[in-house]
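Coordinates from start27.pdb are shown below (PDB, N, CA and C atoms).
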ATOM      1  N   MET A   1      22.566-153.988 -54.175
ATOM      2  CA  MET A   1      21.965-152.909 -53.424
ATOM      3  C   MET A   1      20.465-153.130 -53.258
ATOM      4  N   LEU A   2      19.853-153.845 -54.200
ATOM      5  CA  LEU A   2      18.426-154.138 -54.109
ATOM      6  C   LEU A   2      18.130-154.973 -52.868
ATOM      7  N   THR A   3      19.001-155.943 -52.562
ATOM      8  CA  THR A   3      18.806-156.776 -51.383
ATOM      9  C   THR A   3      18.875-155.941 -50.114
ATOM     10  N   LEU A   4      19.819-155.016 -50.043
ATOM     11  CA  LEU A   4      19.957-154.143 -48.887
ATOM     12  C   LEU A   4      18.737-153.244 -48.738
ATOM     13  N   THR A   5      18.239-152.725 -49.847
ATOM     14  CA  THR A   5      17.051-151.876 -49.802
ATOM     15  C   THR A   5      15.841-152.684 -49.368
ATOM     16  N   LEU A   6      15.698-153.886 -49.854
ATOM     17  CA  LEU A   6      14.602-154.758 -49.457
ATOM     18  C   LEU A   6      14.673-155.064 -47.968
ATOM     19  N   ALA A   7      15.861-155.346 -47.465
ATOM     20  CA  ALA A   7      16.035-155.600 -46.035
ATOM     21  C   ALA A   7      15.664-154.360 -45.230
ATOM     22  N   ALA A   8      16.022-153.193 -45.731
ATOM     23  CA  ALA A   8      15.695-151.951 -45.043
ATOM     24  C   ALA A   8      14.191-151.774 -44.930
ATOM     25  N   VAL A   9      13.482-152.073 -45.989
ATOM     26  CA  VAL A   9      12.028-151.931 -45.988
ATOM     27  C   VAL A   9      11.380-152.976 -45.086
ATOM     28  N   LEU A  10      11.784-154.225 -45.223
ATOM     29  CA  LEU A  10      11.151-155.311 -44.481
ATOM     30  C   LEU A  10      11.523-155.337 -43.005
ATOM     31  N   LEU A  11      12.767-155.040 -42.689
ATOM     32  CA  LEU A  11      13.243-155.168 -41.318
ATOM     33  C   LEU A  11      13.376-153.841 -40.588
ATOM     34  N   GLY A  12      13.203-152.753 -41.289
ATOM     35  CA  GLY A  12      13.320-151.453 -40.653
ATOM     36  C   GLY A  12      14.749-151.055 -40.348
ATOM     37  N   VAL A  13      15.700-151.578 -41.094
ATOM     38  CA  VAL A  13      17.098-151.203 -40.903
ATOM     39  C   VAL A  13      17.469-150.134 -41.924
ATOM     40  N   PRO A  14      18.440-149.307 -41.617
ATOM     41  CA  PRO A  14      18.828-148.269 -42.573
ATOM     42  C   PRO A  14      19.472-148.873 -43.820
ATOM     43  N   ALA A  15      19.178-148.286 -44.964
ATOM     44  CA  ALA A  15      19.762-148.765 -46.221
ATOM     45  C   ALA A  15      21.144-148.193 -46.449
ATOM     46  N   ASP A  16      21.538-147.227 -45.648
ATOM     47  CA  ASP A  16      22.835-146.579 -45.792
ATOM     48  C   ASP A  16      23.933-147.496 -45.233
ATOM     49  N   LEU A  17      24.903-147.834 -46.061
ATOM     50  CA  LEU A  17      25.970-148.746 -45.617
ATOM     51  C   LEU A  17      26.797-148.158 -44.478
ATOM     52  N   ASP A  18      27.005-146.847 -44.476
ATOM     53  CA  ASP A  18      27.770-146.218 -43.388
ATOM     54  C   ASP A  18      27.055-146.390 -42.052
ATOM     55  N   GLU A  19      25.735-146.234 -42.066
ATOM     56  CA  GLU A  19      24.949-146.410 -40.839
ATOM     57  C   GLU A  19      24.981-147.866 -40.385
ATOM     58  N   LEU A  20      24.884-148.788 -41.313
ATOM     59  CA  LEU A  20      24.958-150.208 -40.960
ATOM     60  C   LEU A  20      26.316-150.562 -40.374
ATOM     61  N   GLU A  21      27.385-150.028 -40.943
ATOM     62  CA  GLU A  21      28.729-150.286 -40.411
ATOM     63  C   GLU A  21      28.887-149.693 -39.022
ATOM     64  N   ALA A  22      28.323-148.509 -38.798
ATOM     65  CA  ALA A  22      28.405-147.875 -37.477
ATOM     66  C   ALA A  22      27.648-148.708 -36.446
ATOM     67  N   ARG A  23      26.477-149.209 -36.827
ATOM     68  CA  ARG A  23      25.711-150.048 -35.903
ATOM     69  C   ARG A  23      26.430-151.363 -35.636
ATOM     70  N   ALA A  24      27.009-151.952 -36.659
ATOM     71  CA  ALA A  24      27.753-153.201 -36.483
ATOM     72  C   ALA A  24      28.941-152.989 -35.551
ATOM     73  N   ASP A  25      29.620-151.864 -35.683
ATOM     74  CA  ASP A  25      30.746-151.551 -34.808
ATOM     75  C   ASP A  25      30.280-151.384 -33.368
ATOM     76  N   ALA A  26      29.150-150.723 -33.172
ATOM     77  CA  ALA A  26      28.604-150.537 -31.824
ATOM     78  C   ALA A  26      28.229-151.873 -31.199
ATOM     79  N   VAL A  27      27.637-152.761 -31.983
ATOM     80  CA  VAL A  27      27.276-154.089 -31.483
ATOM     81  C   VAL A  27      28.534-154.872 -31.123
ATOM     82  N   HIS A  28      29.548-154.785 -31.972
ATOM     83  CA  HIS A  28      30.807-155.482 -31.694
ATOM     84  C   HIS A  28      31.423-154.987 -30.391
ATOM     85  N   GLN A  29      31.434-153.684 -30.177
ATOM     86  CA  GLN A  29      31.999-153.129 -28.948
ATOM     87  C   GLN A  29      31.217-153.583 -27.722
ATOM     88  N   ALA A  30      29.884-153.605 -27.820
ATOM     89  CA  ALA A  30      29.058-154.031 -26.693
ATOM     90  C   ALA A  30      29.282-155.504 -26.370
ATOM     91  N   LEU A  31      29.333-156.344 -27.397
ATOM     92  CA  LEU A  31      29.561-157.772 -27.164
ATOM     93  C   LEU A  31      30.955-158.039 -26.617
ATOM     94  N   SER A  32      31.930-157.286 -27.089
ATOM     95  CA  SER A  32      33.291-157.441 -26.599
ATOM     96  C   SER A  32      33.383-157.048 -25.126
ATOM     97  N   ALA A  33      32.754-155.941 -24.756
ATOM     98  CA  ALA A  33      32.759-155.509 -23.356
ATOM     99  C   ALA A  33      32.055-156.529 -22.478
ATOM    100  N   SER A  34      30.941-157.082 -22.945
ATOM    101  CA  SER A  34      30.207-158.094 -22.196
ATOM    102  C   SER A  34      31.057-159.348 -22.002
ATOM    103  N   HIS A  35      31.780-159.727 -23.046
ATOM    104  CA  HIS A  35      32.645-160.908 -22.963
ATOM    105  C   HIS A  35      33.770-160.690 -21.944
ATOM    106  N   HIS A  36      34.386-159.525 -21.964
ATOM    107  CA  HIS A  36      35.459-159.230 -21.007
ATOM    108  C   HIS A  36      34.929-159.213 -19.575
ATOM    109  N   TYR A  37      33.713-158.693 -19.386
ATOM    110  CA  TYR A  37      33.087-158.669 -18.070
ATOM    111  C   TYR A  37      32.878-160.102 -17.561
ATOM    112  N   MET A  38      32.347-160.965 -18.426
ATOM    113  CA  MET A  38      32.113-162.355 -18.061
ATOM    114  C   MET A  38      33.432-163.057 -17.733
ATOM    115  N   GLU A  39      34.447-162.836 -18.562
ATOM    116  CA  GLU A  39      35.744-163.459 -18.312
ATOM    117  C   GLU A  39      36.324-163.022 -16.970
ATOM    118  N   GLY A  40      36.111-161.765 -16.598
ATOM    119  CA  GLY A  40      36.582-161.270 -15.305
ATOM    120  C   GLY A  40      35.947-162.013 -14.147
ATOM    121  N   TRP A  41      34.645-162.243 -14.215
ATOM    122  CA  TRP A  41      33.970-162.978 -13.155
ATOM    123  C   TRP A  41      34.357-164.447 -13.138
ATOM    124  N   LEU A  42      34.640-165.019 -14.281
ATOM    125  CA  LEU A  42      35.013-166.436 -14.315
ATOM    126  C   LEU A  42      36.328-166.695 -13.578
ATOM    127  N   ALA A  43      37.133-165.669 -13.402
ATOM    128  CA  ALA A  43      38.377-165.823 -12.642
ATOM    129  C   ALA A  43      38.091-166.151 -11.173
ATOM    130  N   TYR A  44      36.878-165.832 -10.704
ATOM    131  CA  TYR A  44      36.502-166.078  -9.309
ATOM    132  C   TYR A  44      35.623-167.314  -9.150
ATOM    133  N   GLN A  45      35.496-168.088 -10.198
ATOM    134  CA  GLN A  45      34.660-169.292 -10.179
ATOM    135  C   GLN A  45      35.245-170.332  -9.225
ATOM    136  N   ASP A  46      34.377-170.922  -8.422
ATOM    137  CA  ASP A  46      34.818-171.962  -7.495
ATOM    138  C   ASP A  46      35.221-173.201  -8.302
ATOM    139  N   PRO A  47      36.428-173.733  -8.082
ATOM    140  CA  PRO A  47      36.891-174.872  -8.883
ATOM    141  C   PRO A  47      36.112-176.165  -8.633
ATOM    142  N   GLU A  48      35.525-176.310  -7.451
ATOM    143  CA  GLU A  48      34.786-177.537  -7.142
ATOM    144  C   GLU A  48      33.354-177.507  -7.668
ATOM    145  N   THR A  49      32.686-176.375  -7.520
ATOM    146  CA  THR A  49      31.267-176.293  -7.879
ATOM    147  C   THR A  49      31.015-175.561  -9.192
ATOM    148  N   ASP A  50      32.001-174.843  -9.692
ATOM    149  CA  ASP A  50      31.877-173.995 -10.880
ATOM    150  C   ASP A  50      30.927-172.818 -10.668
ATOM    151  N   LEU A  51      30.562-172.543  -9.429
ATOM    152  CA  LEU A  51      29.692-171.410  -9.134
ATOM    153  C   LEU A  51      30.513-170.133  -9.004
ATOM    154  N   ILE A  52      29.870-169.027  -9.305
ATOM    155  CA  ILE A  52      30.513-167.713  -9.220
ATOM    156  C   ILE A  52      29.930-166.999  -8.010
ATOM    157  N   PRO A  53      30.768-166.396  -7.148
ATOM    158  CA  PRO A  53      30.216-165.719  -5.974
ATOM    159  C   PRO A  53      29.387-164.508  -6.387
ATOM    160  N   GLN A  54      28.435-164.140  -5.513
ATOM    161  CA  GLN A  54      27.616-162.984  -5.857
ATOM    162  C   GLN A  54      28.326-161.672  -5.557
ATOM    163  N   ARG A  55      29.352-161.717  -4.718
ATOM    164  CA  ARG A  55      30.157-160.517  -4.426
ATOM    165  C   ARG A  55      31.611-160.944  -4.263
ATOM    166  N   LEU A  56      32.522-160.037  -4.580
ATOM    167  CA  LEU A  56      33.945-160.374  -4.477
ATOM    168  C   LEU A  56      34.416-160.462  -3.033
ATOM    169  N   ASP A  57      33.776-159.754  -2.120
ATOM    170  CA  ASP A  57      34.204-159.803  -0.725
ATOM    171  C   ASP A  57      33.540-160.939   0.056
ATOM    172  N   SER A  58      32.773-161.784  -0.643
ATOM    173  CA  SER A  58      32.105-162.909  -0.005
ATOM    174  C   SER A  58      32.079-164.088  -0.971
ATOM    175  N   PRO A  59      32.551-165.248  -0.546
ATOM    176  CA  PRO A  59      32.576-166.403  -1.450
ATOM    177  C   PRO A  59      31.218-167.103  -1.585
ATOM    178  N   LEU A  60      30.169-166.505  -1.053
ATOM    179  CA  LEU A  60      28.860-167.140  -1.046
ATOM    180  C   LEU A  60      28.167-167.039  -2.402
ATOM    181  N   TRP A  61      27.401-168.056  -2.684
ATOM    182  CA  TRP A  61      26.516-168.067  -3.851
ATOM    183  C   TRP A  61      25.135-168.431  -3.323
ATOM    184  N   THR A  62      24.142-167.677  -3.709
ATOM    185  CA  THR A  62      22.781-167.980  -3.256
ATOM    186  C   THR A  62      21.886-168.204  -4.455
ATOM    187  N   PRO A  63      21.070-169.252  -4.423
ATOM    188  CA  PRO A  63      20.241-169.575  -5.580
ATOM    189  C   PRO A  63      19.202-168.508  -5.894
ATOM    190  N   GLU A  64      18.730-167.738  -4.888
ATOM    191  CA  GLU A  64      17.699-166.737  -5.172
ATOM    192  C   GLU A  64      18.205-165.586  -6.045
ATOM    193  N   ASN A  65      19.507-165.438  -6.161
ATOM    194  CA  ASN A  65      20.062-164.372  -7.014
ATOM    195  C   ASN A  65      20.504-164.875  -8.396
ATOM    196  N   SER A  66      20.258-166.114  -8.681
ATOM    197  CA  SER A  66      20.727-166.679  -9.939
ATOM    198  C   SER A  66      20.060-166.064 -11.164
ATOM    199  N   ALA A  67      18.811-165.729 -11.055
ATOM    200  CA  ALA A  67      18.074-165.201 -12.202
ATOM    201  C   ALA A  67      18.108-163.681 -12.255
ATOM    202  N   ALA A  68      18.706-163.054 -11.289
ATOM    203  CA  ALA A  68      18.708-161.585 -11.233
ATOM    204  C   ALA A  68      19.544-160.992 -12.321
TER     205      ALA A  68
END

Would you mind giving the structure from this file in structure tokens?
Amino acid sequence: MLTLTLAAVLLGVPADLDELEARADAVHQALSASHHYMEGWLAYQDPETDLIPQRLDSPLWTPENSAA
């Protein structure tokens, strides 16, 4: 418990294990949703170029939207 308390002081995280578990669960849910979203778009990946279209109703990919 001393290590957890030290981490709480140094990193600003809660020392309460219930709060840490709740935050870990929230992070897991967010990462899981992000992964499913990415997998959905990969279904539309062009097999020749490996590019993903910017919209489902248009097979176009434009470089100016890559960093958006």

List every residue of range 49-68 of chain A that has an atom at most 8 Å from any atom of range 22-42 of chain A, and for each one report the closest atom pair and its distance in Å to one decimal, counting all atoms listed in the file, with rows sorted by chain and then by increasing residue number, as CSV.
residue,atom,partner,partner_atom,distance
A:Leu51,C,A:Leu42,CA,7.9
A:Ile52,CA,A:Trp41,C,6.4
A:Pro53,N,A:Trp41,C,7.2

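Note that the spacing between atom N of Ser66 in chain A and atom N of Ala43 in chain A amounts to 17.5 Å.
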
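Atom C of Tyr44 in chain A is positioned 9.3 Å from atom C of Leu56 in chain A.
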
From the structure just shown, export range 25-39 of chain A with all heavy atoms as a PDB file, in the first residue's frame.
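Result file result_34.pdb:
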ATOM      1  N   ASP A  25     -11.081   0.644 -15.851  1.00  0.00           N
ATOM      2  CA  ASP A  25     -12.208   0.136 -16.627  1.00  0.00           C
ATOM      3  C   ASP A  25     -12.627   1.142 -17.691  1.00  0.00           C
ATOM      4  O   ASP A  25     -12.902   0.776 -18.833  1.00  0.00           O
ATOM      5  CB  ASP A  25     -13.381  -0.187 -15.698  1.00  0.00           C
ATOM      6  CG  ASP A  25     -14.514  -0.865 -16.434  1.00  0.00           C
ATOM      7  OD1 ASP A  25     -14.250  -1.803 -17.210  1.00  0.00           O
ATOM      8  OD2 ASP A  25     -15.681  -0.442 -16.247  1.00  0.00           O
ATOM      9  N   ALA A  26     -12.652   2.417 -17.339  1.00  0.00           N
ATOM     10  CA  ALA A  26     -13.013   3.463 -18.302  1.00  0.00           C
ATOM     11  C   ALA A  26     -12.001   3.531 -19.437  1.00  0.00           C
ATOM     12  O   ALA A  26     -12.373   3.671 -20.610  1.00  0.00           O
ATOM     13  CB  ALA A  26     -13.124   4.812 -17.601  1.00  0.00           C
ATOM     14  N   VAL A  27     -10.722   3.411 -19.113  1.00  0.00           N
ATOM     15  CA  VAL A  27      -9.679   3.423 -20.140  1.00  0.00           C
ATOM     16  C   VAL A  27      -9.824   2.205 -21.047  1.00  0.00           C
ATOM     17  O   VAL A  27      -9.718   2.306 -22.272  1.00  0.00           O
ATOM     18  CB  VAL A  27      -8.277   3.468 -19.504  1.00  0.00           C
ATOM     19  CG1 VAL A  27      -7.193   3.184 -20.523  1.00  0.00           C
ATOM     20  CG2 VAL A  27      -8.047   4.805 -18.836  1.00  0.00           C
ATOM     21  N   HIS A  28     -10.093   1.052 -20.452  1.00  0.00           N
ATOM     22  CA  HIS A  28     -10.276  -0.166 -21.246  1.00  0.00           C
ATOM     23  C   HIS A  28     -11.445  -0.011 -22.211  1.00  0.00           C
ATOM     24  O   HIS A  28     -11.340  -0.379 -23.387  1.00  0.00           O
ATOM     25  CB  HIS A  28     -10.491  -1.363 -20.326  1.00  0.00           C
ATOM     26  CG  HIS A  28     -10.798  -2.619 -21.060  1.00  0.00           C
ATOM     27  ND1 HIS A  28      -9.851  -3.324 -21.767  1.00  0.00           N
ATOM     28  CD2 HIS A  28     -11.965  -3.288 -21.231  1.00  0.00           C
ATOM     29  CE1 HIS A  28     -10.414  -4.374 -22.329  1.00  0.00           C
ATOM     30  NE2 HIS A  28     -11.699  -4.370 -22.017  1.00  0.00           N
ATOM     31  N   GLN A  29     -12.553   0.537 -21.745  1.00  0.00           N
ATOM     32  CA  GLN A  29     -13.717   0.728 -22.608  1.00  0.00           C
ATOM     33  C   GLN A  29     -13.413   1.694 -23.747  1.00  0.00           C
ATOM     34  O   GLN A  29     -13.813   1.469 -24.891  1.00  0.00           O
ATOM     35  CB  GLN A  29     -14.906   1.216 -21.787  1.00  0.00           C
ATOM     36  CG  GLN A  29     -15.482   0.176 -20.869  1.00  0.00           C
ATOM     37  CD  GLN A  29     -16.625   0.711 -20.024  1.00  0.00           C
ATOM     38  OE1 GLN A  29     -17.113   1.814 -20.221  1.00  0.00           O
ATOM     39  NE2 GLN A  29     -17.045  -0.087 -19.053  1.00  0.00           N
ATOM     40  N   ALA A  30     -12.692   2.781 -23.451  1.00  0.00           N
ATOM     41  CA  ALA A  30     -12.352   3.756 -24.483  1.00  0.00           C
ATOM     42  C   ALA A  30     -11.424   3.151 -25.530  1.00  0.00           C
ATOM     43  O   ALA A  30     -11.621   3.348 -26.735  1.00  0.00           O
ATOM     44  CB  ALA A  30     -11.708   4.984 -23.846  1.00  0.00           C
ATOM     45  N   LEU A  31     -10.416   2.409 -25.084  1.00  0.00           N
ATOM     46  CA  LEU A  31      -9.492   1.783 -26.032  1.00  0.00           C
ATOM     47  C   LEU A  31     -10.178   0.710 -26.864  1.00  0.00           C
ATOM     48  O   LEU A  31      -9.909   0.558 -28.056  1.00  0.00           O
ATOM     49  CB  LEU A  31      -8.286   1.199 -25.294  1.00  0.00           C
ATOM     50  CG  LEU A  31      -7.327   2.227 -24.701  1.00  0.00           C
ATOM     51  CD1 LEU A  31      -6.256   1.516 -23.872  1.00  0.00           C
ATOM     52  CD2 LEU A  31      -6.684   3.061 -25.789  1.00  0.00           C
ATOM     53  N   SER A  32     -11.088  -0.023 -26.251  1.00  0.00           N
ATOM     54  CA  SER A  32     -11.825  -1.048 -26.972  1.00  0.00           C
ATOM     55  C   SER A  32     -12.714  -0.421 -28.045  1.00  0.00           C
ATOM     56  O   SER A  32     -12.759  -0.897 -29.185  1.00  0.00           O
ATOM     57  CB  SER A  32     -12.665  -1.872 -25.992  1.00  0.00           C
ATOM     58  OG  SER A  32     -13.392  -2.859 -26.666  1.00  0.00           O
ATOM     59  N   ALA A  33     -13.403   0.658 -27.702  1.00  0.00           N
ATOM     60  CA  ALA A  33     -14.252   1.345 -28.678  1.00  0.00           C
ATOM     61  C   ALA A  33     -13.416   1.905 -29.816  1.00  0.00           C
ATOM     62  O   ALA A  33     -13.799   1.805 -30.991  1.00  0.00           O
ATOM     63  CB  ALA A  33     -15.038   2.460 -27.990  1.00  0.00           C
ATOM     64  N   SER A  34     -12.254   2.472 -29.508  1.00  0.00           N
ATOM     65  CA  SER A  34     -11.362   3.011 -30.526  1.00  0.00           C
ATOM     66  C   SER A  34     -10.872   1.904 -31.460  1.00  0.00           C
ATOM     67  O   SER A  34     -10.807   2.079 -32.676  1.00  0.00           O
ATOM     68  CB  SER A  34     -10.175   3.697 -29.848  1.00  0.00           C
ATOM     69  OG  SER A  34      -9.254   4.144 -30.791  1.00  0.00           O
ATOM     70  N   HIS A  35     -10.558   0.754 -30.880  1.00  0.00           N
ATOM     71  CA  HIS A  35     -10.093  -0.381 -31.685  1.00  0.00           C
ATOM     72  C   HIS A  35     -11.197  -0.868 -32.631  1.00  0.00           C
ATOM     73  O   HIS A  35     -10.941  -1.120 -33.815  1.00  0.00           O
ATOM     74  CB  HIS A  35      -9.633  -1.510 -30.776  1.00  0.00           C
ATOM     75  CG  HIS A  35      -9.160  -2.711 -31.512  1.00  0.00           C
ATOM     76  ND1 HIS A  35      -7.926  -2.768 -32.132  1.00  0.00           N
ATOM     77  CD2 HIS A  35      -9.758  -3.898 -31.761  1.00  0.00           C
ATOM     78  CE1 HIS A  35      -7.797  -3.936 -32.719  1.00  0.00           C
ATOM     79  NE2 HIS A  35      -8.892  -4.642 -32.514  1.00  0.00           N
ATOM     80  N   HIS A  36     -12.414  -0.973 -32.136  1.00  0.00           N
ATOM     81  CA  HIS A  36     -13.530  -1.412 -32.983  1.00  0.00           C
ATOM     82  C   HIS A  36     -13.796  -0.409 -34.104  1.00  0.00           C
ATOM     83  O   HIS A  36     -14.106  -0.790 -35.234  1.00  0.00           O
ATOM     84  CB  HIS A  36     -14.784  -1.628 -32.152  1.00  0.00           C
ATOM     85  CG  HIS A  36     -14.712  -2.837 -31.283  1.00  0.00           C
ATOM     86  ND1 HIS A  36     -14.615  -4.122 -31.784  1.00  0.00           N
ATOM     87  CD2 HIS A  36     -14.719  -2.976 -29.948  1.00  0.00           C
ATOM     88  CE1 HIS A  36     -14.558  -4.989 -30.796  1.00  0.00           C
ATOM     89  NE2 HIS A  36     -14.612  -4.305 -29.662  1.00  0.00           N
ATOM     90  N   TYR A  37     -13.665   0.885 -33.802  1.00  0.00           N
ATOM     91  CA  TYR A  37     -13.846   1.928 -34.805  1.00  0.00           C
ATOM     92  C   TYR A  37     -12.800   1.776 -35.917  1.00  0.00           C
ATOM     93  O   TYR A  37     -13.113   1.816 -37.103  1.00  0.00           O
ATOM     94  CB  TYR A  37     -13.736   3.293 -34.126  1.00  0.00           C
ATOM     95  CG  TYR A  37     -13.962   4.473 -35.035  1.00  0.00           C
ATOM     96  CD1 TYR A  37     -15.236   4.878 -35.375  1.00  0.00           C
ATOM     97  CD2 TYR A  37     -12.878   5.189 -35.546  1.00  0.00           C
ATOM     98  CE1 TYR A  37     -15.447   5.968 -36.195  1.00  0.00           C
ATOM     99  CE2 TYR A  37     -13.080   6.277 -36.373  1.00  0.00           C
ATOM    100  CZ  TYR A  37     -14.364   6.661 -36.692  1.00  0.00           C
ATOM    101  OH  TYR A  37     -14.554   7.739 -37.516  1.00  0.00           O
ATOM    102  N   MET A  38     -11.542   1.582 -35.522  1.00  0.00           N
ATOM    103  CA  MET A  38     -10.464   1.411 -36.487  1.00  0.00           C
ATOM    104  C   MET A  38     -10.692   0.160 -37.336  1.00  0.00           C
ATOM    105  O   MET A  38     -10.525   0.181 -38.557  1.00  0.00           O
ATOM    106  CB  MET A  38      -9.118   1.316 -35.782  1.00  0.00           C
ATOM    107  CG  MET A  38      -7.954   1.132 -36.731  1.00  0.00           C
ATOM    108  SD  MET A  38      -6.448   0.589 -35.919  1.00  0.00           S
ATOM    109  CE  MET A  38      -6.885  -1.043 -35.375  1.00  0.00           C
ATOM    110  N   GLU A  39     -11.074  -0.938 -36.691  1.00  0.00           N
ATOM    111  CA  GLU A  39     -11.324  -2.172 -37.431  1.00  0.00           C
ATOM    112  C   GLU A  39     -12.444  -1.992 -38.451  1.00  0.00           C
ATOM    113  O   GLU A  39     -12.394  -2.549 -39.547  1.00  0.00           O
ATOM    114  CB  GLU A  39     -11.683  -3.310 -36.460  1.00  0.00           C
ATOM    115  CG  GLU A  39     -10.518  -3.790 -35.619  1.00  0.00           C
ATOM    116  CD  GLU A  39      -9.495  -4.561 -36.427  1.00  0.00           C
ATOM    117  OE1 GLU A  39      -9.869  -5.279 -37.355  1.00  0.00           O
ATOM    118  OE2 GLU A  39      -8.301  -4.426 -36.099  1.00  0.00           O
TER     119      GLU A  39
END
